[in-house]
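Read through the structure below, which is laid out as structure tokens, and then see the notes.
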Amino acid sequence: MKYIYKIFFLILLIPTLSFGQSHEIDSLNHLLGNAQNDTTEIDLLLEIANYSKRQNIDSAITIAHKALNQSSTIKDYVRVANANKQIGILFYIKGQYDSALEHFVASRDAWEIIDDLKGVSRANNNIGIIYKNQGKYSKAIEIYKRTEIIQIELNDSDGLARTYNNIANSYRSIGNYSTAIDYSFKSLKIHEVLNNKQEIATTYNNIGQIFSKQENYEKAIKYYEKCLTISNEIESDMDIFNSYNNIAEIYKEKKNADQALTYAQKGLELSLKIEYKKGTALSYSSIASIYAEMGNFNNSLNYYKKSLIIQEEIGNKSGAATANIGIGEFYMHENTHSTAVKYLHKALEYAQETGSLQDISEASKLLSLSYEQLKQYQEAFQYQMLYKQIGDSLELQANVKKFTQLNMQHEFDNIQHQKELKQHQKDLLAKQELKQQYLISVFSIGGFILIFIFAIYTLKNYREKQTANQLLSKQNKEITDSILYAKRIQQAVLPTRKLFVSLIPDYFILFKPRDIVSGDFYWMAKHKNSIVITAADCTGHGVPGAFMSMLGLTFLNEIVSNAETLEADLILNDLRDNVINSLQQDDPNLETRDGMDISLCVINLDTLALQYAGAYNPLIHIRNNELFELKADKMPIGRHIRKNKPFTKKEIQLKKGDKLYLYSDGYTDQFGGEKGRKFQSRNFKRLLLETSNNPMDKQKELLNQTLTDWQGELEQLDDIIVIGLMV
């Protein structure tokens, strides 16, 4: 469940109603019926729309549009601005950011027509919020910085503090927490001077979120509780509700389900009291997820269904997607996959409408798993492909986010450098002027001397540029040398040919990193009278993948060397625990899920008994020209919805002459051929079977040549590892 992130919008010129009974809308409608002029009617419509958003967002949008039309007719630009802002807020709540942006821009245009710079700055803040939620962090911060200049000129302290909070939120979103904290405390200082308790509470809430993102949960709770104290003091129901939910999420992260449930239920009680339907639906989903963590699946289902009813009633498609996924997971847990598929399809439909890549990824992955259980393999493959496609998009999104952070830091450093350079140039200019005056007064041939100095200065600049270019070339070489050195380290920790030959003489390893270093790795170890062999595919490739591979190799060595007896499934269970703990993967809101897919075999050299366990990667066994596939568990080594489910051990009795193949998905996923398609698993298995009667070194040669021919001029997309063994 995602945290509730507070958003700062223009304060309505019309007083906002506190949460209360529905009869107040009736009272407003009565006043509307007796309105004496257009402006009063518009004000009442906007007030009704603002109140109605807690009951029915679509109805609120219709009412606000009516106010906008009437404002436009009479050319009342203040009310045109406010109506557009109100509609923008409603579309923001629905998650329809493009529509929200359109109306926030229209609101700013209206303020510009009447030259109201304060209105322009507040509208810019709303536009920045949309950019942030669309992942356009540079644009968001750029517009906030322009707003900051306007507000300083207007001496708009309250608006400036809100802008600082928005800048903090943007920096928090890209992981620049130190800058986010700095801007949050700038905002807090101004609000404390103004004694604006409402915004002090909000800023405490935002600081709590920053510490939460850093997984500093004690400080996060401290600031959430500060927010809660002030919110109770000023009777701000919405801030109280947000605090309850945020504290509940912290306790859920700390695996304290009882405390999490206590605060989530407090949030639920408050939302019911103030008739805040979206909050009620959110609380139901939060409680459902807590019950699921506790293993109380029936209660979890009950609360997800309650949430779904309200989410669909108020038109919150994002919340409806979350609820449908939760219900689908329940029926998967009950092995009622036909029912699970119905809810997961609905979740996917909602997710595609909102454009949420996370929800699309989760729904498509679960659909693939359910269809596989229903033996509808074509559909399972279709949704697995969608899941991988979205996974690539999410990885790209995460990389873009990281690049944005680095780029913004570079821009900040560059600005500071430019300031220092300008000051240095001013100092130099002053010194040069004094020197010139002195030279002119002392020497009659000063002109010649100046020309001489200029020539030297030009030569110096030329040499400095040459030095800079040489330095850049040197730095590039140092980076490449470092990666090449990392390659040598990675190769050094991989099993040696000598080890393989001493244990299984007839084998091959086809190992083709996409980059200099690899995210795929292979590993072998001898333990008493058994050997352990693995082929693994870590998240990513290149340097990030290589780091993960080093973790995997380290943990496997430690686990196997400390084991009394070797059990393939227990090795993977321990490996998963080590990866989750080392990467601190206890945040369900993480946008990336680092880990690895792996196939692992334990072979008793005396009895030839084989144990196999796998995370997504299967094992191929060929005997007498017949191919058998030992399927892997559909979960990775890393954080996953099934992280508490143990891996499955499969056992077979090997015979002399049997052949085993372990591999990653790099070979099967390589694009190529006449139509530029993936090689695919079925073609790979057919190829293994067709070449299996050849000696192992010849099989490697045939596999490599087939891949080269298939790939053609296309780039290699992923690291590739294939291990072949003859018993």
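How things are named: the first chain in the structure tokens is A, the next is B, and so on; residues count from 1 in each chain; ligands count from 1 in the order shown.
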
Kindly provide the residues of segment 586-640 of chain A that approach segment 650-672 of chain A to within 6 Å, each paired with its closest atom pair and their distance in Å to one decimal, based on only C-alpha atoms, listed by chain and increasing number, as JSON lines.
{"residue": "A:Leu608", "atom": "CA", "partner": "A:Leu654", "partner_atom": "CA", "distance": 5.3}
{"residue": "A:Ala609", "atom": "CA", "partner": "A:Gln653", "partner_atom": "CA", "distance": 4.7}
{"residue": "A:Leu610", "atom": "CA", "partner": "A:Ile652", "partner_atom": "CA", "distance": 5.4}
{"residue": "A:Gln611", "atom": "CA", "partner": "A:Glu651", "partner_atom": "CA", "distance": 4.6}
{"residue": "A:Tyr612", "atom": "CA", "partner": "A:Lys650", "partner_atom": "CA", "distance": 5.1}
{"residue": "A:Leu619", "atom": "CA", "partner": "A:Leu662", "partner_atom": "CA", "distance": 5.4}
{"residue": "A:Ile620", "atom": "CA", "partner": "A:Tyr661", "partner_atom": "CA", "distance": 5.0}
{"residue": "A:His621", "atom": "CA", "partner": "A:Leu660", "partner_atom": "CA", "distance": 4.8}
{"residue": "A:Ile622", "atom": "CA", "partner": "A:Lys659", "partner_atom": "CA", "distance": 5.2}
{"residue": "A:Arg623", "atom": "CA", "partner": "A:Asp658", "partner_atom": "CA", "distance": 5.1}

Could you pull out the strand (DSSP E) residues of segment 495-530 of chain A, going by DSSP on the backbone, and write them as a PyMOL selection string? chain A and resi 507-512+520-527+530

Write out, as a PDB file, in the first residue's frame, the residues just selected, with N, CA and C atoms.
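Output (result_33.pdb):
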ATOM      1  N   TYR A 507      31.807 -31.685 -19.907  1.00  0.00           N
ATOM      2  CA  TYR A 507      30.906 -30.558 -19.677  1.00  0.00           C
ATOM      3  C   TYR A 507      31.231 -29.447 -20.663  1.00  0.00           C
ATOM      4  N   PHE A 508      30.344 -28.433 -20.726  1.00  0.00           N
ATOM      5  CA  PHE A 508      30.678 -27.184 -21.413  1.00  0.00           C
ATOM      6  C   PHE A 508      29.998 -26.031 -20.697  1.00  0.00           C
ATOM      7  N   ILE A 509      30.564 -24.847 -20.852  1.00  0.00           N
ATOM      8  CA  ILE A 509      29.943 -23.621 -20.331  1.00  0.00           C
ATOM      9  C   ILE A 509      29.956 -22.588 -21.456  1.00  0.00           C
ATOM     10  N   LEU A 510      28.770 -22.190 -21.899  1.00  0.00           N
ATOM     11  CA  LEU A 510      28.636 -21.104 -22.871  1.00  0.00           C
ATOM     12  C   LEU A 510      28.304 -19.840 -22.078  1.00  0.00           C
ATOM     13  N   PHE A 511      29.274 -18.957 -21.943  1.00  0.00           N
ATOM     14  CA  PHE A 511      29.131 -17.774 -21.079  1.00  0.00           C
ATOM     15  C   PHE A 511      29.423 -16.538 -21.918  1.00  0.00           C
ATOM     16  N   LYS A 512      28.384 -15.728 -22.175  1.00  0.00           N
ATOM     17  CA  LYS A 512      28.525 -14.555 -23.046  1.00  0.00           C
ATOM     18  C   LYS A 512      27.946 -13.327 -22.338  1.00  0.00           C
ATOM     19  N   ASP A 520      24.932 -12.514 -15.109  1.00  0.00           N
ATOM     20  CA  ASP A 520      24.779 -13.966 -15.018  1.00  0.00           C
ATOM     21  C   ASP A 520      26.045 -14.544 -14.383  1.00  0.00           C
ATOM     22  N   PHE A 521      25.887 -15.640 -13.640  1.00  0.00           N
ATOM     23  CA  PHE A 521      27.073 -16.312 -13.125  1.00  0.00           C
ATOM     24  C   PHE A 521      26.811 -17.806 -12.994  1.00  0.00           C
ATOM     25  N   TYR A 522      27.891 -18.576 -12.950  1.00  0.00           N
ATOM     26  CA  TYR A 522      27.788 -20.011 -12.695  1.00  0.00           C
ATOM     27  C   TYR A 522      28.659 -20.326 -11.493  1.00  0.00           C
ATOM     28  N   TRP A 523      28.361 -21.457 -10.846  1.00  0.00           N
ATOM     29  CA  TRP A 523      29.075 -21.761  -9.604  1.00  0.00           C
ATOM     30  C   TRP A 523      29.032 -23.258  -9.357  1.00  0.00           C
ATOM     31  N   MET A 524      30.105 -23.791  -8.813  1.00  0.00           N
ATOM     32  CA  MET A 524      30.177 -25.209  -8.444  1.00  0.00           C
ATOM     33  C   MET A 524      30.974 -25.330  -7.162  1.00  0.00           C
ATOM     34  N   ALA A 525      30.578 -26.279  -6.315  1.00  0.00           N
ATOM     35  CA  ALA A 525      31.323 -26.551  -5.084  1.00  0.00           C
ATOM     36  C   ALA A 525      31.149 -28.022  -4.728  1.00  0.00           C
ATOM     37  N   LYS A 526      32.167 -28.577  -4.089  1.00  0.00           N
ATOM     38  CA  LYS A 526      32.091 -29.964  -3.601  1.00  0.00           C
ATOM     39  C   LYS A 526      31.895 -29.926  -2.096  1.00  0.00           C
ATOM     40  N   HIS A 527      30.953 -30.744  -1.619  1.00  0.00           N
ATOM     41  CA  HIS A 527      30.653 -30.817  -0.195  1.00  0.00           C
ATOM     42  C   HIS A 527      30.516 -32.290   0.163  1.00  0.00           C
ATOM     43  N   SER A 530      29.102 -34.884  -2.391  1.00  0.00           N
ATOM     44  CA  SER A 530      28.149 -34.280  -3.325  1.00  0.00           C
ATOM     45  C   SER A 530      28.745 -33.025  -3.960  1.00  0.00           C
TER      46      SER A 530
END

Tell me which protein, DNA and RNA residues are within 7 Å of Thr202 of chain A, counting only C-alpha atoms, leaving out same-chain ones fewer than 4 positions away, and put them as a PyMOL selection string. chain A and resi 198+206+227

Could you give me the residues within segment 485-536 of chain A that DSSP places in helix (DSSP H, G or I), as a ChimeraX atom specification? /A:485-493,497-503

Please dump the current selection as an mmCIF file, in the first residue's frame; keep N, CA, C and O atoms.
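Full text of part16.cif as output:
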data_model
loop_
_atom_site.group_PDB
_atom_site.id
_atom_site.type_symbol
_atom_site.label_atom_id
_atom_site.label_comp_id
_atom_site.auth_asym_id
_atom_site.auth_seq_id
_atom_site.Cartn_x
_atom_site.Cartn_y
_atom_site.Cartn_z
ATOM 1 N N TYR A 485 39.185 -4.435 -14.611
ATOM 2 C CA TYR A 485 39.707 -5.041 -13.386
ATOM 3 C C TYR A 485 38.598 -5.786 -12.646
ATOM 4 O O TYR A 485 38.808 -6.880 -12.119
ATOM 5 N N ALA A 486 37.386 -5.178 -12.647
ATOM 6 C CA ALA A 486 36.236 -5.853 -12.036
ATOM 7 C C ALA A 486 35.953 -7.169 -12.758
ATOM 8 O O ALA A 486 35.569 -8.166 -12.135
ATOM 9 N N LYS A 487 36.151 -7.173 -14.080
ATOM 10 C CA LYS A 487 35.953 -8.410 -14.851
ATOM 11 C C LYS A 487 36.931 -9.480 -14.387
ATOM 12 O O LYS A 487 36.563 -10.651 -14.208
ATOM 13 N N ARG A 488 38.204 -9.066 -14.173
ATOM 14 C CA ARG A 488 39.200 -10.038 -13.723
ATOM 15 C C ARG A 488 38.843 -10.586 -12.340
ATOM 16 O O ARG A 488 39.016 -11.779 -12.070
ATOM 17 N N ILE A 489 38.310 -9.699 -11.474
ATOM 18 C CA ILE A 489 37.880 -10.151 -10.143
ATOM 19 C C ILE A 489 36.728 -11.138 -10.277
ATOM 20 O O ILE A 489 36.704 -12.196 -9.634
ATOM 21 N N GLN A 490 35.742 -10.789 -11.134
ATOM 22 C CA GLN A 490 34.582 -11.669 -11.317
ATOM 23 C C GLN A 490 35.019 -13.027 -11.860
ATOM 24 O O GLN A 490 34.557 -14.078 -11.402
ATOM 25 N N GLN A 491 35.920 -13.021 -12.833
ATOM 26 C CA GLN A 491 36.401 -14.278 -13.397
ATOM 27 C C GLN A 491 37.168 -15.089 -12.358
ATOM 28 O O GLN A 491 37.119 -16.325 -12.355
ATOM 29 N N ALA A 492 37.862 -14.371 -11.463
ATOM 30 C CA ALA A 492 38.670 -15.058 -10.461
ATOM 31 C C ALA A 492 37.816 -15.825 -9.455
ATOM 32 O O ALA A 492 38.249 -16.857 -8.926
ATOM 33 N N VAL A 493 36.602 -15.309 -9.157
ATOM 34 C CA VAL A 493 35.764 -15.975 -8.156
ATOM 35 C C VAL A 493 34.854 -17.027 -8.778
ATOM 36 O O VAL A 493 34.213 -17.789 -8.049
ATOM 37 N N ARG A 497 38.199 -24.126 -14.501
ATOM 38 C CA ARG A 497 38.072 -25.303 -15.371
ATOM 39 C C ARG A 497 38.626 -26.546 -14.664
ATOM 40 O O ARG A 497 38.075 -27.642 -14.780
ATOM 41 N N LYS A 498 39.689 -26.344 -13.900
ATOM 42 C CA LYS A 498 40.300 -27.464 -13.187
ATOM 43 C C LYS A 498 39.303 -28.116 -12.232
ATOM 44 O O LYS A 498 39.235 -29.351 -12.121
ATOM 45 N N LEU A 499 38.500 -27.295 -11.530
ATOM 46 C CA LEU A 499 37.504 -27.832 -10.603
ATOM 47 C C LEU A 499 36.446 -28.626 -11.357
ATOM 48 O O LEU A 499 36.073 -29.741 -10.950
ATOM 49 N N PHE A 500 35.954 -28.066 -12.469
ATOM 50 C CA PHE A 500 34.935 -28.767 -13.247
ATOM 51 C C PHE A 500 35.468 -30.112 -13.745
ATOM 52 O O PHE A 500 34.812 -31.153 -13.623
ATOM 53 N N VAL A 501 36.648 -30.076 -14.339
ATOM 54 C CA VAL A 501 37.208 -31.304 -14.921
ATOM 55 C C VAL A 501 37.424 -32.367 -13.853
ATOM 56 O O VAL A 501 37.220 -33.567 -14.101
ATOM 57 N N SER A 502 37.815 -31.939 -12.649
ATOM 58 C CA SER A 502 38.077 -32.909 -11.584
ATOM 59 C C SER A 502 36.803 -33.585 -11.092
ATOM 60 O O SER A 502 36.860 -34.704 -10.566
ATOM 61 N N LEU A 503 35.661 -32.918 -11.262
ATOM 62 C CA LEU A 503 34.403 -33.457 -10.742
ATOM 63 C C LEU A 503 33.506 -34.017 -11.844
ATOM 64 O O LEU A 503 32.922 -35.088 -11.687
#

Show me, as a PyMOL selection string, the residues that have an atom within 9 Å of Thr39 of chain A when counting only C-alpha atoms, minus same-chain residues fewer than 4 positions from it. chain A and resi 35+43-44+70-71+76+79

Excluding Gln134 of chain A and residues on its chain fewer than 3 positions from it, collect all residues at most 9 Å away from it, counting only C-alpha atoms, and give them as an MDAnalysis selection string. chainID A and resid 97:98 129:131 137

Selected residue, from A:Thr280, A:Ser212, A:Gln389, A:Asn176, that lies nearest to Leu308 of chain A when counting only C-alpha atoms: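 Nearest to Leu308 of chain A: A:Thr280.
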
Among listed residues A:Leu566, A:Ile721, A:Val579, A:Leu270, nearest Asn617 of chain A (using only C-alpha atoms):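 The answer is A:Ile721, which sits nearest to Asn617 of chain A.
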
All residues 10 Å or closer to segment 328-342 of chain A, only C-alpha atoms, same chain fewer than 6 positions away omitted, as a ChimeraX atom specification: /A:292,297-298,300-301,304,322,363,366-374,641
